[in-house]
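Structure data follow from coords.cif (mmCIF, C-alpha atoms and all ligand atoms):
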data_protein
#
loop_
_atom_site.label_atom_id
_atom_site.label_comp_id
_atom_site.auth_asym_id
_atom_site.auth_seq_id
_atom_site.Cartn_x
_atom_site.Cartn_y
_atom_site.Cartn_z
CA VAL A 1 0.00 0.00 0.00
CA PHE A 2 1.09 3.60 -0.64
CA ARG A 3 -1.56 5.98 0.62
CA ILE A 4 -1.73 9.66 1.43
CA ASP A 5 -4.51 11.03 3.64
CA MET A 6 -5.07 14.78 3.63
CA LEU A 7 -6.46 15.37 7.10
CA PRO A 8 -8.91 18.21 7.73
CA ALA A 9 -6.38 20.83 8.85
CA GLN A 10 -8.53 23.95 8.38
CA GLN A 11 -6.48 26.43 6.30
CA GLY A 12 -3.36 24.29 6.83
CA ASP A 13 -1.75 20.99 5.88
CA SER A 14 -1.53 17.65 7.60
CA LEU A 15 -0.61 14.65 5.48
CA TRP A 16 -0.72 11.13 6.90
CA ILE A 17 1.20 8.75 4.65
CA GLU A 18 1.28 4.95 4.87
CA TYR A 19 3.37 2.53 2.84
CA GLY A 20 4.30 -1.13 3.01
CA GLU A 21 2.20 -4.09 4.18
CA ALA A 22 -1.44 -3.13 4.55
CA SER A 23 -1.76 -4.97 7.89
CA ALA A 24 1.19 -3.15 9.51
CA PRO A 25 2.23 -0.28 7.26
CA HIS A 26 5.06 2.18 7.87
CA ARG A 27 3.82 5.68 8.61
CA ILE A 28 5.07 9.21 8.21
CA LEU A 29 3.33 12.46 9.14
CA ILE A 30 3.98 15.65 7.15
CA ASP A 31 2.79 18.73 9.10
CA CYS A 32 0.09 18.87 11.74
CA GLY A 33 -2.19 21.68 10.57
CA THR A 34 -3.62 24.30 12.90
CA PRO A 35 -3.86 23.69 16.67
CA PRO A 36 -7.36 22.12 16.55
CA THR A 37 -6.07 19.61 13.96
CA ALA A 38 -4.20 17.91 16.80
CA LYS A 39 -7.48 16.40 17.99
CA THR A 40 -7.95 14.59 14.67
CA ILE A 41 -4.36 13.40 14.58
CA VAL A 42 -4.31 12.18 18.17
CA GLY A 43 -7.67 10.47 17.58
CA ARG A 44 -6.24 8.57 14.62
CA ILE A 45 -3.10 7.62 16.49
CA GLU A 46 -5.14 6.34 19.41
CA GLN A 47 -7.01 4.01 17.07
CA LEU A 48 -3.75 2.28 16.19
CA PRO A 49 -2.55 -0.64 18.29
CA PRO A 50 0.19 0.68 20.62
CA GLU A 51 2.94 -1.26 18.81
CA GLN A 52 2.02 0.63 15.63
CA GLN A 53 2.10 4.06 17.27
CA ARG A 54 5.69 4.36 16.15
CA PHE A 55 6.10 6.49 13.03
CA GLU A 56 9.13 6.46 10.79
CA LEU A 57 9.15 10.23 10.50
CA LEU A 58 7.54 13.55 11.41
CA VAL A 59 8.24 16.42 8.97
CA ILE A 60 7.38 19.99 9.95
CA THR A 61 7.84 21.63 6.54
CA HIS A 62 8.09 25.13 8.00
CA MET A 63 7.01 27.02 11.05
CA ASP A 64 3.80 28.74 10.07
CA THR A 65 1.07 28.02 12.55
CA ASP A 66 -1.12 26.20 10.00
CA HIS A 67 1.62 23.56 9.74
CA ILE A 68 3.28 23.54 13.16
CA GLY A 69 0.37 24.60 15.39
CA GLY A 70 -1.13 21.14 15.59
CA ALA A 71 2.27 19.61 16.34
CA LEU A 72 2.61 21.51 19.59
CA ARG A 73 -0.76 20.36 20.81
CA MET A 74 -0.28 16.83 19.47
CA LEU A 75 2.90 16.46 21.51
CA ALA A 76 1.20 17.91 24.56
CA GLU A 77 -1.66 15.40 24.27
CA ARG A 78 0.22 12.50 22.75
CA PRO A 79 -0.64 8.90 23.55
CA PRO A 80 2.15 7.39 25.69
CA ALA A 81 3.23 4.91 23.02
CA LEU A 82 3.65 7.55 20.30
CA LYS A 83 7.16 7.89 18.93
CA PHE A 84 8.66 9.31 15.76
CA ASN A 85 11.93 7.67 14.75
CA ASP A 86 13.12 10.96 13.27
CA VAL A 87 11.79 14.51 13.08
CA TRP A 88 12.69 16.76 10.14
CA PHE A 89 12.33 20.39 11.11
CA ASN A 90 14.70 23.30 10.47
CA ALA A 91 14.96 25.38 13.63
CA TRP A 92 17.37 27.94 15.03
CA ARG A 93 20.24 25.52 15.53
CA HIS A 94 20.08 24.44 11.88
CA LEU A 95 20.25 27.99 10.61
CA GLN A 96 23.83 28.73 11.65
CA LEU A 97 24.97 29.08 8.10
CA LYS A 98 28.05 30.84 6.67
CA ALA A 99 26.75 33.24 4.97
CA ASP A 100 5.49 37.82 7.30
CA SER A 101 5.09 34.95 9.19
CA THR A 102 3.47 36.02 12.42
CA LEU A 103 4.72 34.21 15.47
CA GLY A 104 6.24 31.41 13.44
CA PRO A 105 9.57 31.38 15.24
CA ILE A 106 7.80 31.29 18.59
CA ASP A 107 5.99 28.11 17.63
CA GLY A 108 9.38 26.98 16.41
CA GLU A 109 10.96 27.70 19.78
CA ILE A 110 8.20 25.85 21.61
CA LEU A 111 8.51 22.83 19.33
CA SER A 112 12.30 22.90 19.70
CA ARG A 113 11.96 22.75 23.45
CA ALA A 114 9.41 19.94 23.21
CA LEU A 115 11.66 17.88 20.94
CA ASP A 116 14.62 18.39 23.23
CA LYS A 117 12.57 17.31 26.16
CA LEU A 118 11.32 14.19 24.40
CA GLY A 119 14.86 13.36 23.33
CA TRP A 120 13.70 12.18 19.92
CA SER A 121 15.99 12.07 16.90
CA TRP A 122 15.88 15.36 15.07
CA ASN A 123 17.08 15.83 11.50
CA ALA A 124 19.06 12.67 12.22
CA ALA A 125 18.91 11.68 8.56
CA PHE A 126 20.92 14.86 7.91
CA ARG A 127 23.37 14.26 10.76
CA GLY A 128 21.59 16.91 12.77
CA GLY A 129 22.03 19.58 10.10
CA ALA A 130 19.45 21.46 8.08
CA VAL A 131 17.05 19.71 5.70
CA CYS A 132 17.73 21.69 2.54
CA LEU A 133 19.15 21.80 -0.95
CA PRO A 134 22.90 21.26 -1.25
CA ASP A 135 25.46 23.91 -2.14
CA ASP A 136 26.08 24.24 -5.84
CA GLY A 137 27.60 21.21 -7.41
CA GLU A 138 26.72 18.85 -4.60
CA GLN A 139 24.17 16.03 -4.72
CA LEU A 140 20.57 16.42 -3.60
CA GLN A 141 19.95 15.02 -0.12
CA SER A 142 18.03 11.79 -0.38
CA CYS A 143 17.15 9.26 2.26
CA HIS A 144 15.65 5.77 2.35
CA LEU A 145 13.26 5.08 5.19
CA PRO A 146 12.73 1.60 6.58
CA GLY A 147 10.21 -0.24 4.42
CA GLY A 148 11.43 1.23 1.15
CA LEU A 149 10.18 4.84 1.00
CA ARG A 150 12.66 7.20 -0.62
CA LEU A 151 12.50 10.91 0.16
CA THR A 152 14.46 13.53 -1.79
CA VAL A 153 14.72 17.10 -0.50
CA LEU A 154 13.75 19.74 -3.13
CA SER A 155 13.48 22.85 -0.91
CA PRO A 156 14.49 25.05 0.89
CA GLY A 157 17.76 26.50 -0.39
CA ARG A 158 20.50 27.99 1.77
CA ALA A 159 19.30 31.50 0.87
CA GLN A 160 15.80 30.83 2.23
CA LEU A 161 17.22 29.48 5.47
CA GLN A 162 19.43 32.52 5.79
CA SER A 163 16.39 34.79 5.42
CA LEU A 164 14.56 32.67 7.93
CA ARG A 165 17.42 33.06 10.37
CA ARG A 166 17.17 36.87 10.21
CA GLU A 167 13.40 36.71 10.64
CA TRP A 168 13.72 34.25 13.50
CA ILE A 169 16.06 36.52 15.46
CA LYS A 170 13.77 39.49 14.95
CA VAL A 171 10.56 37.83 16.07
CA VAL A 172 12.12 35.89 18.92
CA ARG A 173 13.73 39.07 20.32
CA GLN A 174 10.48 40.99 20.07
CA ALA A 175 8.77 38.27 22.06
CA GLY A 176 11.48 38.28 24.76
CA LEU A 177 12.54 34.77 23.81
CA ASP A 178 16.16 35.37 22.83
CA PRO A 179 18.60 33.00 24.50
CA ASP A 180 20.21 35.75 26.62
CA ASN A 181 16.97 36.78 28.26
CA PRO A 182 17.00 35.43 31.82
CA VAL A 183 13.22 35.13 31.91
CA ARG A 184 13.15 33.42 28.51
CA ASP A 185 11.88 30.18 29.95
CA SER A 186 8.83 31.56 31.63
CA GLN A 187 8.12 33.69 28.57
CA LEU A 188 8.23 30.59 26.42
CA LEU A 189 5.88 28.68 28.71
CA LYS A 190 3.55 31.64 28.75
CA ALA A 191 3.56 31.76 24.95
CA ALA A 192 2.88 28.03 24.82
CA ALA A 193 -0.02 28.34 27.26
CA GLY A 194 -1.44 31.12 25.12
CA LYS A 195 -1.53 28.67 22.27
CA GLY A 196 -3.39 26.08 24.28
CA VAL A 197 -0.38 23.84 24.43
CA SER A 198 -0.49 23.17 28.11
CA LYS A 199 -3.02 21.46 27.62
CA SER A 200 -15.80 33.48 -6.53
CA ILE A 201 -18.54 31.32 -7.45
CA LEU A 202 -18.87 30.40 -11.17
CA GLY A 203 -21.39 32.92 -12.19
CA GLY A 204 -22.39 33.73 -15.73
CA GLY A 205 -20.28 32.04 -18.35
CA GLY A 206 -17.71 30.79 -15.88
CA PRO A 207 -14.13 31.88 -15.45
CA ASP A 208 -11.81 32.40 -18.39
CA ILE A 209 -9.30 29.69 -17.55
CA GLN A 210 -6.71 30.65 -20.14
CA TYR A 211 -6.84 34.30 -19.09
CA LEU A 212 -6.50 33.48 -15.39
CA ALA A 213 -3.72 30.97 -16.05
CA GLY A 214 -1.79 33.62 -17.95
CA ARG A 215 -1.94 36.28 -15.25
CA PRO A 216 1.56 37.48 -14.39
CA PHE A 217 3.17 35.36 -11.71
CA VAL A 218 3.87 37.29 -8.53
CA PRO A 219 6.15 35.20 -6.33
CA ASP A 220 5.54 34.56 -2.66
CA THR A 221 8.06 36.42 -0.49
CA ALA A 222 7.05 35.16 2.95
CA VAL A 223 10.24 34.05 4.65
CA ALA A 224 8.72 31.10 6.47
CA ASN A 225 7.12 29.74 3.28
CA GLY A 226 10.44 29.96 1.48
CA SER A 227 11.99 27.83 4.18
CA THR A 228 9.59 24.96 3.42
CA ILE A 229 10.94 21.43 3.33
CA ALA A 230 9.58 20.09 0.02
CA LEU A 231 9.97 16.40 -0.75
CA LEU A 232 9.61 13.88 -3.51
CA ALA A 233 8.29 10.70 -1.86
CA GLU A 234 8.82 7.52 -3.86
CA TYR A 235 7.70 4.00 -2.99
CA ALA A 236 7.35 0.88 -5.11
CA GLY A 237 7.37 2.75 -8.39
CA ARG A 238 4.86 5.36 -7.20
CA SER A 239 5.60 8.93 -6.23
CA ILE A 240 4.12 12.01 -4.60
CA LEU A 241 5.52 15.53 -4.74
CA LEU A 242 4.99 17.23 -1.37
CA LEU A 243 5.41 20.97 -1.75
CA GLY A 244 4.42 22.37 1.65
CA ASP A 245 4.11 26.15 1.24
CA GLY A 246 7.33 26.35 -0.79
CA PHE A 247 8.45 28.81 -3.44
CA PRO A 248 7.99 27.35 -6.93
CA GLU A 249 11.27 28.81 -8.17
CA VAL A 250 13.15 27.09 -5.35
CA VAL A 251 11.38 23.77 -5.83
CA LEU A 252 11.96 24.06 -9.57
CA GLY A 253 15.68 24.41 -8.93
CA GLY A 254 15.59 21.18 -6.94
CA ILE A 255 13.51 19.40 -9.59
CA ARG A 256 15.78 20.55 -12.43
CA GLN A 257 18.77 19.18 -10.60
CA LEU A 258 16.91 15.91 -10.02
CA LEU A 259 15.94 15.69 -13.69
CA ARG A 260 19.52 16.33 -14.81
CA GLY A 261 20.69 13.54 -12.55
CA ARG A 262 18.05 11.19 -13.91
CA GLY A 263 18.49 12.23 -17.52
CA ALA A 264 14.82 13.23 -17.84
CA SER A 265 13.11 16.41 -19.03
CA LYS A 266 9.85 16.07 -17.06
CA LEU A 267 9.08 14.81 -13.59
CA HIS A 268 6.39 12.12 -13.68
CA VAL A 269 4.61 11.74 -10.36
CA ASP A 270 1.32 10.18 -9.30
CA ALA A 271 0.28 13.16 -7.22
CA VAL A 272 1.32 16.70 -6.33
CA LYS A 273 0.39 18.23 -2.98
CA VAL A 274 -0.11 21.75 -4.33
CA ALA A 275 1.99 24.36 -2.52
CA HIS A 276 0.53 26.80 -0.02
CA HIS A 277 -3.08 25.63 -0.16
CA GLY A 278 -3.47 26.72 -3.78
CA SER A 279 -2.09 30.26 -3.46
CA GLN A 280 -1.38 31.89 -6.83
CA HIS A 281 2.00 32.98 -5.49
CA ASN A 282 3.22 29.39 -5.08
CA THR A 283 2.11 27.66 -8.29
CA SER A 284 3.75 28.97 -11.46
CA ASN A 285 3.35 27.85 -15.04
CA ASP A 286 7.12 27.24 -15.10
CA LEU A 287 6.76 24.68 -12.36
CA LEU A 288 3.68 23.05 -13.89
CA ASP A 289 5.56 22.79 -17.20
CA VAL A 290 8.04 20.29 -15.80
CA LEU A 291 5.44 18.18 -14.00
CA ILE A 292 3.33 15.34 -15.33
CA SER A 293 0.81 14.24 -12.74
CA SER A 294 -2.64 12.69 -12.87
CA CYS A 295 -3.66 14.12 -9.51
CA TYR A 296 -3.32 17.44 -7.66
CA LEU A 297 -4.04 17.55 -3.93
CA ILE A 298 -5.37 20.76 -2.40
CA SER A 299 -5.35 21.06 1.38
CA THR A 300 -7.49 23.91 2.76
CA ASN A 301 -11.00 24.76 3.88
CA GLY A 302 -10.64 28.29 2.54
CA ALA A 303 -10.63 29.93 5.96
CA ILE A 304 -8.74 33.20 6.53
CA PHE A 305 -6.83 33.37 3.23
CA SER A 306 -9.64 32.24 0.87
CA HIS A 307 -7.48 29.53 -0.66
CA PRO A 308 -7.33 28.12 -3.25
CA ASP A 309 -6.86 31.11 -5.57
CA ASP A 310 -8.67 30.95 -8.90
CA VAL A 311 -5.46 31.86 -10.69
CA ALA A 312 -3.55 28.92 -9.24
CA MET A 313 -6.36 26.47 -9.96
CA ALA A 314 -6.71 27.86 -13.48
CA ARG A 315 -2.98 27.34 -14.04
CA ILE A 316 -3.29 23.70 -13.00
CA VAL A 317 -6.43 23.13 -15.08
CA TRP A 318 -4.93 24.87 -18.11
CA ALA A 319 -1.56 23.11 -17.90
CA ASN A 320 -3.37 19.76 -17.71
CA ARG A 321 -6.22 20.47 -20.11
CA GLY A 322 -7.44 17.41 -22.01
CA LYS A 323 -5.59 14.98 -19.75
CA GLY A 324 -8.31 13.84 -17.36
CA THR A 325 -6.38 15.11 -14.35
CA ARG A 326 -7.99 14.82 -10.94
CA LEU A 327 -8.24 17.66 -8.43
CA LEU A 328 -8.60 16.21 -4.95
CA PHE A 329 -9.68 18.55 -2.16
CA ASN A 330 -9.60 17.50 1.50
CA TYR A 331 -12.78 19.33 2.55
CA PRO A 332 -16.41 18.80 1.56
CA LYS A 333 -17.85 21.21 -0.99
CA HIS A 334 -19.47 24.26 0.57
CA ASP A 335 -21.01 27.18 -1.23
CA THR A 336 -18.92 29.98 0.14
CA TRP A 337 -15.58 28.33 -0.69
CA SER A 338 -13.53 29.00 -3.82
CA GLY A 339 -12.56 25.31 -4.00
CA ALA A 340 -16.19 24.37 -4.70
CA ARG A 341 -16.51 26.22 -7.98
CA TRP A 342 -14.14 23.84 -9.75
CA SER A 343 -16.77 21.09 -9.60
CA ASP A 344 -18.80 22.88 -12.31
CA PRO A 345 -19.57 20.11 -14.84
CA ARG A 346 -19.26 22.52 -17.77
CA LEU A 347 -15.73 23.43 -16.75
CA GLN A 348 -14.81 19.81 -16.17
CA ASP A 349 -16.21 18.92 -19.55
CA THR A 350 -14.49 21.76 -21.40
CA TYR A 351 -11.04 21.17 -19.93
CA HIS A 352 -11.43 17.44 -19.28
CA TYR A 353 -10.59 17.13 -15.59
CA GLN A 354 -12.32 15.65 -12.55
CA THR A 355 -12.85 16.86 -9.00
CA SER A 356 -13.24 14.96 -5.72
CA TYR A 357 -13.98 16.45 -2.33
CA GLY A 358 -13.17 15.25 1.15
CA ALA A 359 -15.40 13.92 3.89
CA ASP A 360 -15.38 15.05 7.51
CA TRP A 361 -12.21 13.02 8.10
CA GLY A 362 -10.43 14.48 5.06
CA ALA A 363 -9.50 12.83 1.79
CA SER A 364 -7.38 9.89 0.80
CA LEU A 365 -5.41 8.87 -2.27
CA VAL A 366 -4.36 5.24 -2.61
CA LEU A 367 -1.56 4.43 -5.05
CA GLU A 368 -1.42 0.80 -6.12
CA PRO A 369 2.16 -0.39 -6.59
ZN ZN B 1 0.35 26.85 5.05
#
Transcribe the structure of this file into structure tokens.
Amino acid sequence: VFRIDMLPAQQGDSLWIEYGEASAPHRILIDCGTPPTAKTIVGRIEQLPPEQQRFELLVITHMDTDHIGGALRMLAERPPALKFNDVWFNAWRHLQLKADSTLGPIDGEILSRALDKLGWSWNAAFRGGAVCLPDDGEQLQSCHLPGGLRLTVLSPGRAQLQSLRREWIKVVRQAGLDPDNPVRDSQLLKAAAGKGVSKSILGGGGPDIQYLAGRPFVPDTAVANGSTIALLAEYAGRSILLLGDGFPEVVLGGIRQLLRGRGASKLHVDAVKVAHHGSQHNTSNDLLDVLISSCYLISTNGAIFSHPDDVAMARIVWANRGKGTRLLFNYPKHDTWSGARWSDPRLQDTYHYQTSYGADWGASLVLEP
């Protein structure tokens, strides 16, 4: 089995991936959504027999609260048997390089403390260093997990981590959490408590897909998003591209290097977890041009940022027109959400794609080896 479940993570991401024998699969968890998402995750973990509550890996792609928020609460409320064999998360100590995310670094500091306390492996696959692209001329970082899953790191680059480091210092100082502050500890606990850790509808003739798809690309500049850990997950001949909230130009750099190494011009994958909940600033036509995928996964309920953006969805639909591509959303259709308009049968018919929507528990994609 190779399955990806997009859990209901509100405006965020939480991807539960299983691979291996169906009766006792290996598991990895990529992001934990917003704080309330922890309840769903912990609920699912508790349904596993205790001997299976041991995951190969937890990846926190970056420190925005819609990805890390649920992790803090999950750890606070974790079942006793829960263990992650490694955690991939780039925090302060990984940003010691040569050379608008609100409160992100504070969540990062809280999670850092929690991981230290638990004593779990952390970025162990990278000998404790940052999970990122290599310096020029060096090989992409790639790792084989027990059970045969291969993960290749496609983002972030050193430059994004450097920016993150500057941002991290700024926010952490403002919050009184810098390492030299004698009352740092109580400040951190206070911040954690504050986070609950202690305990356009298709009217008229429909959208002009080609026009929307061709709108000028305005890149995302949010430091935390740029620091996203993006991965290509491969198992038994199947593959999923996991883009977090990453910058398409950074990911594209990683993919181009991968393609050069493999002597290919396009990256064939079975699914793409679309970056940043379908923001138009994180899906470019340049990126879509190198991808061939029969399925695009969109994780968001549209709250706060009204994701997905029409422009991003139009780019995906246009780039894949005529190919029968599937758009898989992790939330049920609801009228006030931009994700719902893509189910219009006339649009699906014209551009030859399909849509599926999630249930209360999210949405699942099973890839047969
Ligand atoms: Zn996000």
Quiz item: Using only C-alpha atoms and all ligand atoms, which protein or nucleic acid residues are at most 12 Å from ligand ZN 1 (chain B), as a PyMOL selection string?
Solution: chain A and resi 9-14+30-34+60-69+101+104+222+224-228+243-247+273-279+282+298-305+307-308
Quiz item: So which residues fall inside 6 Å of (15.4, 15.0, 9.7) if we count only C-alpha atoms? Mind giving them as a list of chain:residue names?
Solution: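 Result, sorted by chain then residue number: A:Asp86, A:Val87, A:Trp88, A:Trp122, A:Asn123, A:Ala124, A:Ala125, A:Phe126.
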Quiz prompt | Residue nearest Ile4 in chain A among A:Thr336, A:Ser364, A:Gln141, A:Thr350 (counting only C-alpha atoms) | solution =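 Under the stated criterion, the closest residue is A:Ser364.
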Hey, which bits of range 104-167 of chain A sit within 10 Å of range 45-57 of chain A, and for each residue what's the closest pair of atoms and how far apart in Å (one decimal), counting only C-alpha atoms, rows by chain and increasing number, as a Markdown table?
| residue | atom | partner | partner_atom | distance |
| --- | --- | --- | --- | --- |
| A:Ser121 | CA | A:Leu57 | CA | 9.5 |
| A:Trp122 | CA | A:Leu57 | CA | 9.6 |
| A:Asn123 | CA | A:Leu57 | CA | 9.8 |
| A:Leu145 | CA | A:Glu56 | CA | 7.1 |
| A:Pro146 | CA | A:Glu56 | CA | 7.4 |
| A:Gly147 | CA | A:Glu56 | CA | 9.3 |
| A:Leu149 | CA | A:Glu56 | CA | 10.0 |
Could you write out the selected residues, including C-alpha atoms, as an mmCIF file, in the coordinates of the input?
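Final output, out-v5.cif:
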data_model
loop_
_atom_site.group_PDB
_atom_site.id
_atom_site.type_symbol
_atom_site.label_atom_id
_atom_site.label_comp_id
_atom_site.auth_asym_id
_atom_site.auth_seq_id
_atom_site.Cartn_x
_atom_site.Cartn_y
_atom_site.Cartn_z
ATOM 1 C CA SER A 121 15.990 12.070 16.900
ATOM 2 C CA TRP A 122 15.880 15.360 15.070
ATOM 3 C CA ASN A 123 17.080 15.830 11.500
ATOM 4 C CA LEU A 145 13.260 5.080 5.190
ATOM 5 C CA PRO A 146 12.730 1.600 6.580
ATOM 6 C CA GLY A 147 10.210 -0.240 4.420
ATOM 7 C CA LEU A 149 10.180 4.840 1.000
#
Practice problem: Go through A:Gln174, A:Asn330, A:Ser112, A:Gln160 one by one, measure the shortest atom-to-atom distance of each to Asp220 in chain A using all atoms listed in the file, and give the residue with the smallest value. | Solution: A:Gln160
Quiz prompt | Distance of CA of Ile106 in chain A from CA of Gly253 in chain A, expressed in Å to one decimal place | solution =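 Value for the CA of Gly253 in chain A-CA of Ile106 in chain A distance: 29.4 Å.
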Practice problem: Tell me, in Å to one decimal, how far CA of Glu234 in chain A is from CA of Glu18 in chain A. | Solution: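 One can read the CA of Glu234 in chain A to CA of Glu18 in chain A distance as 11.8 Å.
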Quiz prompt | Among the residues A:Leu177, A:Tyr235, A:Pro156, A:Ala264, the one that comes closest to Glu249 in chain A [using only C-alpha atoms] | solution = A:Pro156
Quiz prompt | One-decimal distance in Å that lies between CA of Ser338 in chain A and CA of His268 in chain A | solution =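 Taking CA of His268 in chain A as the start and CA of Ser338 in chain A as the end point, the length is 27.9 Å.
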Quiz item: Using only C-alpha atoms, which residue out of A:Asp289, A:Asp349, A:Asp116, A:Glu167 lies closest to Gly322 in chain A?
Solution: A:Asp349
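Among A:Trp318, A:Tyr331, A:Phe2, A:Trp337, the residue with the shortest atom-to-atom distance to Leu212 in chain A, counting all atoms listed in the file, is A:Trp318.
For the set A:Ser142, A:Ser343, A:Ser293, A:Thr221, the residue with the smallest atom-to-atom gap to Ala319 in chain A is A:Ser293, counting only C-alpha atoms.
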